[in-house]
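Written out below as C-alpha cells is the structure these notes cover.
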Amino acid sequence: MKIVVGLGNPGEQYSKTRHNVGWMVLDRIADQAGWSGRGRTRDAASIAMGRFRGLDLTLVKPLTFMNESGLAVRKVLARERTPLTDLLVVVDDFALPFGRLRFREGGGAGGHNGLQSIIGELGSDNFSRLRVGIGEPGRNSVYHVLSRFSSAEQTRMPELLDEATEGVETWAREGTSRAANRFNTFELRAADEDLRAAPGEVDGPAGADGIRRTRTGWRRAAPGDGRE
C-alpha cells in the first residue's frame with residue numbers, strides 16, 4: 001500500500017488557494033479513480049483508499065491546519081504500518097515557477113510549515129515529496145500562498161493536475177528517481193490558446209478518442225476539464 005498525503009488547510013475559504021494545491025492533486029486522483037465523495041474521516045484526516053490503475057493507494061488529506069499536518073501523517077502511518085519508503089507528500093512550493101513539478105527523495109522542509117510538522121512528528125525527513133510550483137510570492141509570502149490562482153493560471157490547472165496525477169502514479173509504480181527523471185523537466189504549455197497544437201498533437205487538446213498527447217506521454221482527458 002502506497003500512501004499519498006496532500007497538504008492543505010481545511011475550510012471553504014482555503015479550498016482554492018495556492019497553499020492547497022496538494023489537496024487539489026489528491027482530488028484529481030480521486031476523480032479519476034471514481035473515489036470522489038468516498039473519503040472518511042479518521043486519524044485527523046480525510047482518507048480514501050482503493051485500487052487506482054492497478055495500484056493500492058491511500059489518499060490522505062490532513063484536516064489539521066498546515067502547521068500540524070504531521071499529527072495526521074504519523075497516525076496514518078502507524079495504523080497502516082507503512083514504511084517511510086511508501087510515503088509521498090504532495091506540497092506547494094513558491095520557490096518553483098507556477099506549473100513546475102519537482103520530485104525529491106528526502107531533504108529538509110525548505111521553510112514549509114507542513115513539511116516541518118511532518119518531519120518533526122516522524123523524527124525523519126527520509127520520505128519522498130512532490131513539490132508543485134505556485135510561483136514566486138513577491139514581498140508577502142503569506143498573502144501569496146493564501147491567495148487564489150489567477151484566471152490565466154486557472155485555465156492551465158487541468159493540465160497541471162493531470163500531469164501531477166501521472167507523476168504520482170509513476171512514483172507508486174517505479175519509485176522517486178524515475179518519477180523525477182520523467183517529470184522534473186515538465187513545463188506547462190503556453191497560456192495563449194493560439195499557440196496550442198492541433199488535437200492529438202503534442203500539447204494540443206484531446207482528439208476525438210479523448211486522448212491528449214503531452215511531452216511525457218499520452219493522457220486521457222478527465223471529464224469536464226474543457227479539452228474533450
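Chain identifiers are assigned as A, B, and so on, following the order in which chains appear in the C-alpha cells; residues are numbered from 1 within each chain, and ligands are numbered from 1 in order of appearance.
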Quick one: DSSP strand (DSSP E or B) residues in segment 34-79 of chain A, as a ChimeraX atom specification?
-> /A:40-42,45-52,55-62
Which polymer residues have any atom within 9 Å of an atom of Gln116 of chain A, counting only C-alpha atoms, with same-chain residues fewer than 6 positions away left out, as a PyMOL selection string?
-> chain A and resi 67-70+108-110+125
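Restricting the calculation to only C-alpha atoms, the smallest distance between Leu63 of chain A and any of A:Leu130, A:Val142, A:Val5, A:Ala30 is found for A:Val5.
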Between A:Asn9, A:Ser117, A:Thr17, A:Thr41, single out the one closest to His144 of chain A, counting only C-alpha atoms.
-> A:Thr17
Closest of A:Arg28, A:His112, A:Arg18, A:Lys2 to Gly54 of chain A - atom-to-atom distances counting only C-alpha atoms =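 Distance minimum relative to Gly54 of chain A lands on A:Lys2.
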Show which residues sit within 7 Å of segment 95-102 of chain A, as an mmCIF file with C-alpha atoms, in the first residue's frame. Count only C-alpha atoms, and ignore same-chain residues fewer than 2 positions away.
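And here is the file that came out, out.cif:
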data_model
loop_
_atom_site.group_PDB
_atom_site.id
_atom_site.type_symbol
_atom_site.label_atom_id
_atom_site.label_comp_id
_atom_site.auth_asym_id
_atom_site.auth_seq_id
_atom_site.Cartn_x
_atom_site.Cartn_y
_atom_site.Cartn_z
ATOM 1 C CA ASP A 93 6.332 25.378 -3.399
ATOM 2 C CA ARG A 104 12.676 14.582 -4.406
ATOM 3 C CA LEU A 130 6.292 16.079 -4.869
ATOM 4 C CA ARG A 131 6.610 19.853 -4.886
ATOM 5 C CA VAL A 132 4.154 21.711 -7.113
ATOM 6 C CA GLY A 133 5.228 25.184 -8.213
ATOM 7 C CA ILE A 134 2.832 28.001 -7.301
ATOM 8 C CA GLY A 135 5.027 30.916 -8.436
ATOM 9 C CA GLU A 136 7.154 33.431 -6.587
ATOM 10 C CA LEU A 160 -1.038 20.629 -14.289
ATOM 11 C CA ALA A 180 11.957 12.710 -11.044
ATOM 12 C CA PHE A 183 8.503 14.852 -14.527
ATOM 13 C CA ASN A 184 11.072 17.267 -13.107
ATOM 14 C CA PHE A 186 7.815 19.192 -17.176
ATOM 15 C CA GLU A 187 6.618 22.657 -18.165
ATOM 16 C CA LEU A 188 3.079 23.799 -18.881
#
Running DSSP on the backbone, which parts of segment 2-228 of chain A land in alpha helix (DSSP H), as a PyMOL selection string?
-> chain A and resi 21-33+69-80+113-122+141-145+151-174+176-183
Within 10 Å of segment 73-83 of chain A, counting only C-alpha atoms, which residues qualify if same-chain residues fewer than 3 places away don't, as a list in words?
->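 Answer for this query is Met1, Lys2, Ile3, Val4, Val5, Arg42, Asp43, Ala44, Ala45, Ile47, Thr58, Val60, Lys61, Pro62, Glu68, Ser69, Gly70, Asp86, Leu87, Val89, Ser117, Ile118, Ile119, Gly120, Glu121, Leu122, Gly123 and Phe127 of chain A.
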Which of these, A:Thr85, A:His19, A:Thr185, A:Glu169, has the shortest distance to Pro137 of chain A once you count only C-alpha atoms?
-> A:His19
